[in-house]
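J.: Here you go, run-v6.pdb (PDB, C-alpha atoms and all ligand atoms):
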```
ATOM      1  CA  MET A   5     129.768 119.835 130.538
ATOM      2  CA  ASP A   6     130.467 123.559 130.185
ATOM      3  CA  GLU A   7     130.480 123.934 126.415
ATOM      4  CA  ILE A   8     127.517 121.569 125.933
ATOM      5  CA  GLU A   9     124.040 122.917 125.162
ATOM      6  CA  ASN A  10     122.261 120.216 123.208
ATOM      7  CA  ILE A  11     122.129 116.612 124.349
ATOM      8  CA  VAL A  12     120.681 113.467 122.775
ATOM      9  CA  ILE A  13     120.503 110.329 124.901
ATOM     10  CA  LEU A  14     119.732 106.939 123.356
ATOM     11  CA  THR A  15     118.572 104.209 125.716
ATOM     12  CA  GLY A  16     118.140 100.485 125.185
ATOM     13  CA  ALA A  17     117.001  97.423 127.099
ATOM     14  CA  GLY A  18     120.044  97.594 129.416
ATOM     15  CA  ILE A  19     118.690 100.661 131.212
ATOM     16  CA  SER A  20     115.602  98.703 132.284
ATOM     17  CA  ALA A  21     117.471  95.484 133.121
ATOM     18  CA  GLU A  22     118.016  96.475 136.745
ATOM     19  CA  SER A  23     114.294  97.167 137.062
ATOM     20  CA  GLY A  24     113.737  93.503 136.256
ATOM     21  CA  LEU A  25     112.914  93.633 132.536
ATOM     22  CA  ALA A  26     114.821  91.182 130.362
ATOM     23  CA  THR A  27     117.121  92.409 127.600
ATOM     24  CA  PHE A  28     116.837  90.905 124.112
ATOM     25  CA  ARG A  29     120.171  89.369 123.302
ATOM     26  CA  GLY A  30     122.326  87.067 125.405
ATOM     27  CA  PRO A  31     121.569  83.843 127.265
ATOM     28  CA  ASP A  32     118.633  85.159 129.320
ATOM     29  CA  GLY A  33     117.339  87.290 126.465
ATOM     30  CA  LEU A  34     113.660  87.794 125.775
ATOM     31  CA  TRP A  35     113.777  85.828 122.612
ATOM     32  CA  GLU A  36     114.890  82.637 124.304
ATOM     33  CA  GLY A  37     112.081  80.277 123.441
ATOM     34  CA  HIS A  38     110.844  82.605 120.710
ATOM     35  CA  HIS A  39     112.514  82.987 117.349
ATOM     36  CA  VAL A  40     112.595  86.698 116.627
ATOM     37  CA  GLU A  41     111.095  86.068 113.203
ATOM     38  CA  ASP A  42     108.157  84.343 114.947
ATOM     39  CA  VAL A  43     107.164  87.374 116.992
ATOM     40  CA  CYS A  44     108.745  90.537 115.730
ATOM     41  CA  THR A  45     107.810  90.978 112.080
ATOM     42  CA  PRO A  46     104.624  92.034 110.283
ATOM     43  CA  GLU A  47     104.661  88.635 108.546
ATOM     44  CA  ALA A  48     104.651  86.854 111.929
ATOM     45  CA  LEU A  49     101.668  88.917 113.030
ATOM     46  CA  ALA A  50      99.797  87.930 109.864
ATOM     47  CA  ARG A  51     100.790  84.257 110.222
ATOM     48  CA  ASN A  52     100.456  83.738 113.969
ATOM     49  CA  ALA A  53      98.639  86.638 115.603
ATOM     50  CA  ASP A  54      97.954  84.664 118.800
ATOM     51  CA  LEU A  55     101.654  84.038 119.462
ATOM     52  CA  VAL A  56     102.575  87.666 118.805
ATOM     53  CA  HIS A  57      99.754  88.966 121.032
ATOM     54  CA  ARG A  58     100.681  86.514 123.796
ATOM     55  CA  PHE A  59     104.335  87.617 123.675
ATOM     56  CA  TYR A  60     103.383  91.290 124.055
ATOM     57  CA  ASP A  61     100.581  90.576 126.573
ATOM     58  CA  GLU A  62     103.160  88.878 128.837
ATOM     59  CA  ARG A  63     105.556  91.811 128.486
ATOM     60  CA  ARG A  64     102.736  94.307 129.204
ATOM     61  CA  ALA A  65     101.658  92.360 132.283
ATOM     62  CA  LYS A  66     105.226  92.448 133.581
ATOM     63  CA  LEU A  67     105.166  96.261 133.601
ATOM     64  CA  ARG A  68     102.894  96.107 136.643
ATOM     65  CA  ASP A  69     105.672  94.470 138.716
ATOM     66  CA  VAL A  70     108.511  96.847 137.889
ATOM     67  CA  ALA A  71     109.524 100.411 138.711
ATOM     68  CA  PRO A  72     112.051 102.933 137.395
ATOM     69  CA  ASN A  73     115.596 102.477 138.721
ATOM     70  CA  PRO A  74     118.221 105.133 139.590
ATOM     71  CA  ALA A  75     119.276 105.387 135.927
ATOM     72  CA  HIS A  76     115.750 106.355 134.782
ATOM     73  CA  GLN A  77     115.470 108.722 137.734
ATOM     74  CA  ALA A  78     118.797 110.415 137.014
ATOM     75  CA  LEU A  79     117.780 111.063 133.386
ATOM     76  CA  ALA A  80     114.451 112.501 134.534
ATOM     77  CA  ALA A  81     116.298 114.840 136.912
ATOM     78  CA  LEU A  82     118.615 115.905 134.086
ATOM     79  CA  ASP A  83     115.618 116.555 131.829
ATOM     80  CA  ALA A  84     113.953 118.679 134.513
ATOM     81  CA  GLN A  85     116.974 120.902 135.075
ATOM     82  CA  TRP A  86     118.836 121.027 131.747
ATOM     83  CA  PRO A  87     118.371 124.511 130.228
ATOM     84  CA  GLY A  88     119.460 123.581 126.695
ATOM     85  CA  GLU A  89     117.923 121.155 124.252
ATOM     86  CA  LEU A  90     117.687 117.594 125.518
ATOM     87  CA  LEU A  91     116.042 114.572 123.943
ATOM     88  CA  VAL A  92     115.849 111.050 125.342
ATOM     89  CA  VAL A  93     115.281 108.605 122.491
ATOM     90  CA  THR A  94     114.373 105.202 123.819
ATOM     91  CA  GLN A  95     114.238 101.958 121.881
ATOM     92  CA  ASN A  96     112.366 100.488 124.842
ATOM     93  CA  VAL A  97     108.649  99.864 124.714
ATOM     94  CA  ASP A  98     108.253  99.949 128.510
ATOM     95  CA  ASP A  99     107.077 103.138 130.243
ATOM     96  CA  LEU A 100     109.811 103.480 132.870
ATOM     97  CA  HIS A 101     111.226 106.762 131.536
ATOM     98  CA  GLU A 102     107.863 108.496 131.740
ATOM     99  CA  ARG A 103     107.114 106.952 135.125
ATOM    100  CA  ALA A 104     110.422 108.420 136.365
ATOM    101  CA  GLY A 105     109.276 111.807 135.035
ATOM    102  CA  THR A 106     111.194 112.296 131.763
ATOM    103  CA  LYS A 107     109.213 114.665 129.522
ATOM    104  CA  ARG A 108     111.434 115.208 126.489
ATOM    105  CA  LEU A 109     111.111 111.606 125.306
ATOM    106  CA  ILE A 110     110.599 109.723 122.048
ATOM    107  CA  HIS A 111     109.673 106.026 121.857
ATOM    108  CA  MET A 112     111.202 105.140 118.503
ATOM    109  CA  HIS A 113     110.153 101.436 118.609
ATOM    110  CA  GLY A 114     106.604 101.965 119.921
ATOM    111  CA  GLU A 115     104.964 101.406 123.292
ATOM    112  CA  LEU A 116     103.510  98.361 125.049
ATOM    113  CA  ARG A 117     100.663 100.468 126.418
ATOM    114  CA  SER A 118      99.546 101.628 122.995
ATOM    115  CA  ALA A 119      97.413  99.909 120.348
ATOM    116  CA  LEU A 120      97.798 100.636 116.648
ATOM    117  CA  CYS A 121      95.109 100.219 114.020
ATOM    118  CA  ALA A 122      96.789  98.354 111.173
ATOM    119  CA  ALA A 123      94.104  99.653 108.784
ATOM    120  CA  CYS A 124      94.211 103.427 109.401
ATOM    121  CA  GLY A 125      97.309 103.944 111.574
ATOM    122  CA  MET A 126      95.512 105.485 114.558
ATOM    123  CA  ALA A 127      97.169 104.874 117.931
ATOM    124  CA  ALA A 128      95.125 104.629 121.133
ATOM    125  CA  PRO A 129      95.754 103.467 124.707
ATOM    126  CA  TRP A 130      95.836  99.677 125.008
ATOM    127  CA  ILE A 131      92.850  98.168 126.835
ATOM    128  CA  ASP A 132      93.630  95.086 128.951
ATOM    129  CA  PRO A 133      92.392  92.559 127.988
ATOM    130  CA  LEU A 134      91.661  93.663 124.443
ATOM    131  CA  PRO A 135      88.004  92.595 123.909
ATOM    132  CA  PRO A 136      87.676  90.036 121.080
ATOM    133  CA  GLY A 137      86.598  91.698 117.844
ATOM    134  CA  VAL A 138      87.209  95.210 119.209
ATOM    135  CA  ARG A 139      87.090  97.814 116.470
ATOM    136  CA  CYS A 140      89.114 100.933 115.788
ATOM    137  CA  ARG A 141      87.202 104.017 116.945
ATOM    138  CA  ARG A 142      88.254 105.972 113.868
ATOM    139  CA  CYS A 143      87.835 103.581 110.944
ATOM    140  CA  GLY A 144      85.716 100.777 112.449
ATOM    141  CA  GLN A 145      88.079  97.982 111.299
ATOM    142  CA  SER A 146      88.930  95.161 113.694
ATOM    143  CA  SER A 147      92.661  95.346 113.063
ATOM    144  CA  LEU A 148      94.184  96.518 116.327
ATOM    145  CA  ARG A 149      97.732  95.298 116.958
ATOM    146  CA  PRO A 150     100.463  96.097 119.464
ATOM    147  CA  ASP A 151     101.941  99.518 118.654
ATOM    148  CA  ILE A 152     105.406  98.062 118.238
ATOM    149  CA  VAL A 153     107.904  98.702 115.440
ATOM    150  CA  PHE A 154     108.670  95.306 113.955
ATOM    151  CA  PHE A 155     111.704  94.460 111.836
ATOM    152  CA  GLY A 156     111.254  95.937 108.386
ATOM    153  CA  GLU A 157     108.984  98.718 109.650
ATOM    154  CA  MET A 158     109.986 102.358 109.909
ATOM    155  CA  PRO A 159     110.808 103.507 113.452
ATOM    156  CA  TYR A 160     108.840 106.495 114.737
ATOM    157  CA  HIS A 161     109.825 110.183 114.680
ATOM    158  CA  MET A 162     112.947 109.641 112.576
ATOM    159  CA  GLU A 163     112.891 113.218 111.263
ATOM    160  CA  ALA A 164     112.809 114.763 114.747
ATOM    161  CA  ILE A 165     115.536 112.374 115.930
ATOM    162  CA  ASP A 166     117.738 113.156 112.957
ATOM    163  CA  GLU A 167     117.355 116.913 113.501
ATOM    164  CA  ALA A 168     118.226 116.575 117.196
ATOM    165  CA  LEU A 169     121.282 114.429 116.381
ATOM    166  CA  ARG A 170     122.551 117.042 113.921
ATOM    167  CA  ARG A 171     122.267 119.767 116.569
ATOM    168  CA  ALA A 172     123.722 117.677 119.404
ATOM    169  CA  ASP A 173     126.898 118.682 121.232
ATOM    170  CA  LEU A 174     126.790 115.460 123.254
ATOM    171  CA  PHE A 175     125.413 112.034 122.325
ATOM    172  CA  VAL A 176     125.144 109.422 125.072
ATOM    173  CA  SER A 177     124.156 105.808 124.435
ATOM    174  CA  ILE A 178     123.026 103.780 127.458
ATOM    175  CA  GLY A 179     122.459 100.014 127.652
ATOM    176  CA  THR A 180     122.044  99.144 124.004
ATOM    177  CA  SER A 181     123.893  96.447 122.056
ATOM    178  CA  GLY A 182     124.195  98.484 118.860
ATOM    179  CA  ALA A 183     122.826  95.510 116.937
ATOM    180  CA  VAL A 184     119.689  97.112 115.506
ATOM    181  CA  TYR A 185     119.514  99.899 112.931
ATOM    182  CA  PRO A 186     118.798 102.770 112.501
ATOM    183  CA  ALA A 187     119.483 103.397 116.242
ATOM    184  CA  ALA A 188     122.918 101.748 115.946
ATOM    185  CA  GLY A 189     123.902 104.435 113.417
ATOM    186  CA  PHE A 190     122.955 107.455 115.558
ATOM    187  CA  VAL A 191     126.442 107.698 117.024
ATOM    188  CA  GLN A 192     127.905 108.238 113.571
ATOM    189  CA  THR A 193     125.336 110.877 112.645
ATOM    190  CA  ALA A 194     126.004 112.758 115.879
ATOM    191  CA  ARG A 195     129.755 112.429 115.512
ATOM    192  CA  HIS A 196     129.769 113.712 111.942
ATOM    193  CA  ALA A 197     127.782 116.699 113.187
ATOM    194  CA  GLY A 198     130.522 117.416 115.737
ATOM    195  CA  ALA A 199     129.035 115.927 118.922
ATOM    196  CA  ARG A 200     131.073 114.341 121.674
ATOM    197  CA  THR A 201     130.050 110.708 122.070
ATOM    198  CA  LEU A 202     129.862 108.526 125.151
ATOM    199  CA  GLU A 203     128.694 104.963 125.683
ATOM    200  CA  LEU A 204     127.557 103.542 129.031
ATOM    201  CA  ASN A 205     127.159  99.757 129.045
ATOM    202  CA  LEU A 206     127.894  96.650 131.081
ATOM    203  CA  GLU A 207     130.262  95.622 128.291
ATOM    204  CA  PRO A 208     131.531  97.231 125.073
ATOM    205  CA  SER A 209     128.729  97.147 122.467
ATOM    206  CA  ALA A 210     128.960  96.243 118.785
ATOM    207  CA  GLY A 211     129.413  99.952 118.021
ATOM    208  CA  SER A 212     131.914 100.782 120.756
ATOM    209  CA  LEU A 213     134.642 101.802 118.345
ATOM    210  CA  TYR A 214     132.489 104.704 117.100
ATOM    211  CA  PHE A 215     132.365 106.309 120.557
ATOM    212  CA  GLU A 216     135.055 108.651 121.843
ATOM    213  CA  GLN A 217     134.584 107.306 125.328
ATOM    214  CA  SER A 218     133.091 104.155 126.887
ATOM    215  CA  ARG A 219     132.312 103.654 130.542
ATOM    216  CA  ILE A 220     131.732 100.076 131.598
ATOM    217  CA  GLY A 221     129.358  99.209 134.434
ATOM    218  CA  PRO A 222     125.695  99.052 135.411
ATOM    219  CA  ALA A 223     123.474 101.913 134.243
ATOM    220  CA  SER A 224     122.085 102.387 137.769
ATOM    221  CA  ARG A 225     125.566 103.527 138.859
ATOM    222  CA  LEU A 226     126.971 105.136 135.700
ATOM    223  CA  VAL A 227     124.002 107.346 134.824
ATOM    224  CA  PRO A 228     123.656 109.011 138.259
ATOM    225  CA  GLU A 229     127.453 109.536 138.227
ATOM    226  CA  LEU A 230     127.215 111.222 134.820
ATOM    227  CA  VAL A 231     124.436 113.667 135.647
ATOM    228  CA  ARG A 232     125.572 114.487 139.194
TER
HETATM  229  C1  LIG B   1     123.342  96.941 130.469
HETATM  230  C2  LIG B   1     122.829  96.466 131.658
HETATM  231  C3  LIG B   1     122.930  97.307 132.740
HETATM  232  C4  LIG B   1     122.496  94.940 130.237
HETATM  233  N1  LIG B   1     123.496  98.496 132.611
HETATM  234  N2  LIG B   1     123.909  98.122 130.353
HETATM  235  C5  LIG B   1     121.364  94.575 107.667
HETATM  236  C6  LIG B   1     122.198  95.639 107.984
HETATM  237  C7  LIG B   1     121.679  96.779 108.597
HETATM  238  C8  LIG B   1     120.341  96.878 108.888
HETATM  239  C9  LIG B   1     119.524  95.823 108.559
HETATM  240  C10 LIG B   1     120.024  94.694 107.957
HETATM  241  N3  LIG B   1     119.009  93.823 107.767
HETATM  242  C11 LIG B   1     117.863  94.378 108.268
HETATM  243  C12 LIG B   1     118.171  95.603 108.756
HETATM  244  C13 LIG B   1     117.260  96.564 109.407
HETATM  245  C14 LIG B   1     116.797  96.087 110.764
HETATM  246  C15 LIG B   1     118.018  95.717 111.588
HETATM  247  O1  LIG B   1     118.671  96.542 112.193
HETATM  248  N4  LIG B   1     118.330  94.423 111.667
HETATM  249  C16 LIG B   1     119.508  93.987 112.428
HETATM  250  C17 LIG B   1     119.124  92.784 113.272
HETATM  251  C18 LIG B   1     120.638  93.782 111.470
HETATM  252  N5  LIG B   1     116.111  97.201 111.354
HETATM  253  C19 LIG B   1     114.813  97.413 111.138
HETATM  254  O2  LIG B   1     114.139  96.660 110.462
HETATM  255  C20 LIG B   1     114.238  98.693 111.699
HETATM  256  N6  LIG B   1     113.578  99.406 110.661
HETATM  257  C21 LIG B   1     114.239  99.898 109.620
HETATM  258  O3  LIG B   1     115.441  99.755 109.468
HETATM  259  O4  LIG B   1     113.442 100.601 108.754
HETATM  260  C22 LIG B   1     114.044 101.145 107.564
HETATM  261  C23 LIG B   1     114.735 102.454 107.767
HETATM  262  C24 LIG B   1     115.500 102.927 106.760
HETATM  263  C25 LIG B   1     116.155 104.140 106.903
HETATM  264  C26 LIG B   1     116.007 104.901 108.039
HETATM  265  C27 LIG B   1     115.206 104.425 109.030
HETATM  266  C28 LIG B   1     114.586 103.206 108.895
HETATM  267  C29 LIG B   1     113.208  98.390 112.773
HETATM  268  C30 LIG B   1     113.839  97.818 113.974
HETATM  269  C31 LIG B   1     112.782  97.412 114.978
HETATM  270  C32 LIG B   1     113.393  96.778 116.198
HETATM  271  N7  LIG B   1     112.365  96.239 117.004
HETATM  272  C33 LIG B   1     112.740  95.623 118.277
HETATM  273  C34 LIG B   1     111.488  94.945 118.898
HETATM  274  C35 LIG B   1     110.413  95.965 119.180
HETATM  275  C36 LIG B   1     110.007  96.172 120.510
HETATM  276  C37 LIG B   1     110.006  95.061 121.508
HETATM  277  O5  LIG B   1     109.527  93.952 121.253
HETATM  278  O6  LIG B   1     110.467  95.342 122.608
HETATM  279  O7  LIG B   1     113.273  96.567 119.184
HETATM  280  S1  LIG B   1     114.053  94.438 118.099
HETATM  281  C38 LIG B   1     114.769  94.737 119.661
HETATM  282  O8  LIG B   1     116.125  95.218 119.481
HETATM  283  C39 LIG B   1     113.961  95.899 120.267
HETATM  284  C40 LIG B   1     115.049  96.772 120.808
HETATM  285  O9  LIG B   1     114.571  98.096 120.953
HETATM  286  C41 LIG B   1     116.162  96.618 119.817
HETATM  287  C42 LIG B   1     117.520  96.964 120.359
HETATM  288  O10 LIG B   1     117.877  96.119 121.421
HETATM  289  P1  LIG B   1     118.677  96.705 122.654
HETATM  290  O11 LIG B   1     117.847  97.679 123.374
HETATM  291  O12 LIG B   1     119.997  97.167 122.201
HETATM  292  O13 LIG B   1     118.788  95.420 123.603
HETATM  293  P2  LIG B   1     119.882  94.235 123.580
HETATM  294  O14 LIG B   1     119.348  93.120 124.371
HETATM  295  O15 LIG B   1     120.337  93.935 122.220
HETATM  296  O16 LIG B   1     121.133  94.875 124.342
HETATM  297  C43 LIG B   1     121.078  95.202 125.717
HETATM  298  C44 LIG B   1     122.363  95.902 126.089
HETATM  299  O17 LIG B   1     122.267  96.347 127.422
HETATM  300  C45 LIG B   1     123.612  95.001 125.994
HETATM  301  O18 LIG B   1     124.626  95.705 125.282
HETATM  302  C46 LIG B   1     124.017  94.782 127.456
HETATM  303  O19 LIG B   1     125.431  94.703 127.626
HETATM  304  C47 LIG B   1     123.476  96.032 128.099
HETATM  305  N8  LIG B   1     123.136  95.909 129.501
HETATM  306  N9  LIG B   1     122.312  95.156 131.408
HETATM  307  C48 LIG B   1     123.997  98.838 131.383
HETATM  308  N10 LIG B   1     122.461  96.908 133.957
END
```
What would the structure in this file look like if it were written as structure tokens?

T.:
Amino acid sequence: MDEIENIVILTGAGISAESGLATFRGPDGLWEGHHVEDVCTPEALARNADLVHRFYDERRAKLRDVAPNPAHQALAALDAQWPGELLVVTQNVDDLHERAGTKRLIHMHGELRSALCAACGMAAPWIDPLPPGVRCRRCGQSSLRPDIVFFGEMPYHMEAIDEALRRADLFVSIGTSGAVYPAAGFVQTARHAGARTLELNLEPSAGSLYFEQSRIGPASRLVPELVR
């Protein structure tokens, strides 16, 4: 990695799979039993708030039983020692990257441990269980919702991500299916800007053809091998 200074790493559900958190797509995916449009859109929240809250409450509760795996730990070690620019952009809403110690991190799809006021946009730590009728400390409205980016909503920190992608010398995508935009398009942005591109996944993703190189296998093996 001699000529590389600036790195952007995109992670998806696959990096947390070996910690015991389900991925989204595939036979054992999280949405089995839930239609995505029933839980993961602003309209679903308006129509069936109880179902949406239950779905995210169960996912939040599961965080207590899991821990970072060697892939999270290897990225945290890379972050701690890399002298150039480095940004880990995760689509995951779990907190396993920060528990492993990664500091240069963006949660582009939100965080399970955060609550968002739908009225004023303030984010605050989630309180478990959320008391009925709890009000936003800033605007006083009772419109707290999971701080999750639903389909049709704008992912977070897109400007910072775009700037990092345009400066990247290396773009690495780990454990994501490449099925959801705008994250699925990051490889093309980075490539047009001149970055080398590498995918690490259990199987080739929907966007595999856009990567210069793909390594196939579990993240807990491939990521430590990459950063060693
Ligand atoms: C392993 C492994 C192991 C397993 N080791 N690997 C038509 C065309 C293009 C776009 C659109 C369209 N119609 C609508 C859109 C836009 C829409 C979209 O992309 N839809 C698609 C379904 C087509 N996108 C949006 O609405 C986004 N917003 C948006 O576009 O705003 C406008 C905009 C305009 C311009 C610029 C910017 C924005 C918002 C998307 C929000 C996504 N939200 C979710 C749920 C939130 C959080 C949550 O509940 O957890 O985010 S959906 C879900 O998918 C979740 C994930 O973050 C995301 C990606 O999934 P991921 O991580 O890739 O997981 P899987 O399960 O799909 O894949 C796991 C992978 O791991 C697999 O490949 C396995 O092989 C691998 N794996 N074990 C290594 N051990």

J.: Could you tell me which residues the PyMOL selection byres (((chain A and resi 13) around 7) and not hetatm) grabs in this file, written as a PyMOL selection string?

T.: chain A and resi 11-12+14-15+91-93+175-177

J.: For the selection you just gave me, I'd like the residues written to a file as an mmCIF file, in the frame of the given file, keeping C-alpha atoms.

T.:
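Printed below is again.cif as written:
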```
data_model
loop_
_atom_site.group_PDB
_atom_site.id
_atom_site.type_symbol
_atom_site.label_atom_id
_atom_site.label_comp_id
_atom_site.auth_asym_id
_atom_site.auth_seq_id
_atom_site.Cartn_x
_atom_site.Cartn_y
_atom_site.Cartn_z
ATOM 1 C CA ILE A 11 122.129 116.612 124.349
ATOM 2 C CA VAL A 12 120.681 113.467 122.775
ATOM 3 C CA LEU A 14 119.732 106.939 123.356
ATOM 4 C CA THR A 15 118.572 104.209 125.716
ATOM 5 C CA LEU A 91 116.042 114.572 123.943
ATOM 6 C CA VAL A 92 115.849 111.050 125.342
ATOM 7 C CA VAL A 93 115.281 108.605 122.491
ATOM 8 C CA PHE A 175 125.413 112.034 122.325
ATOM 9 C CA VAL A 176 125.144 109.422 125.072
ATOM 10 C CA SER A 177 124.156 105.808 124.435
#
```

J.: Tell me, in Å to one decimal, how far CA of Gly179 (chain A) is from atom O1 of ligand LIG 1 (chain B).

T.: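 It comes out at 16.3 Å.
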
J.: Taking all atoms listed in the file into account, which residues are within 7 Å of ligand LIG 1 (chain B), as a VMD selection string?

T.: chain A and resid 15 to 19 21 to 22 27 to 30 33 44 95 to 97 113 to 114 152 to 159 162 178 to 186 204 to 207 209 221 to 224

J.: Please identify all polymer residues within 12 Å of Arg58 (chain A), counting only C-alpha atoms, omitting same-chain residues fewer than 6 positions from it, and present them as an mmCIF file with C-alpha atoms, keeping the file's coordinate frame.

T.:
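Final file, around16.cif:
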```
data_model
loop_
_atom_site.group_PDB
_atom_site.id
_atom_site.type_symbol
_atom_site.label_atom_id
_atom_site.label_comp_id
_atom_site.auth_asym_id
_atom_site.auth_seq_id
_atom_site.Cartn_x
_atom_site.Cartn_y
_atom_site.Cartn_z
ATOM 1 C CA HIS A 38 110.844 82.605 120.710
ATOM 2 C CA ASP A 42 108.157 84.343 114.947
ATOM 3 C CA VAL A 43 107.164 87.374 116.992
ATOM 4 C CA LEU A 49 101.668 88.917 113.030
ATOM 5 C CA ASN A 52 100.456 83.738 113.969
ATOM 6 C CA ARG A 64 102.736 94.307 129.204
ATOM 7 C CA ALA A 65 101.658 92.360 132.283
ATOM 8 C CA PRO A 133 92.392 92.559 127.988
ATOM 9 C CA LEU A 134 91.661 93.663 124.443
ATOM 10 C CA ARG A 149 97.732 95.298 116.958
ATOM 11 C CA PRO A 150 100.463 96.097 119.464
#
```

J.: Identify all residues satisfying the PyMOL selection byres (((chain A and resi 141) around 12) and not hetatm) in the given file; provide them as a ChimeraX atom specification.

T.: /A:119-121,123-129,138-140,142-148
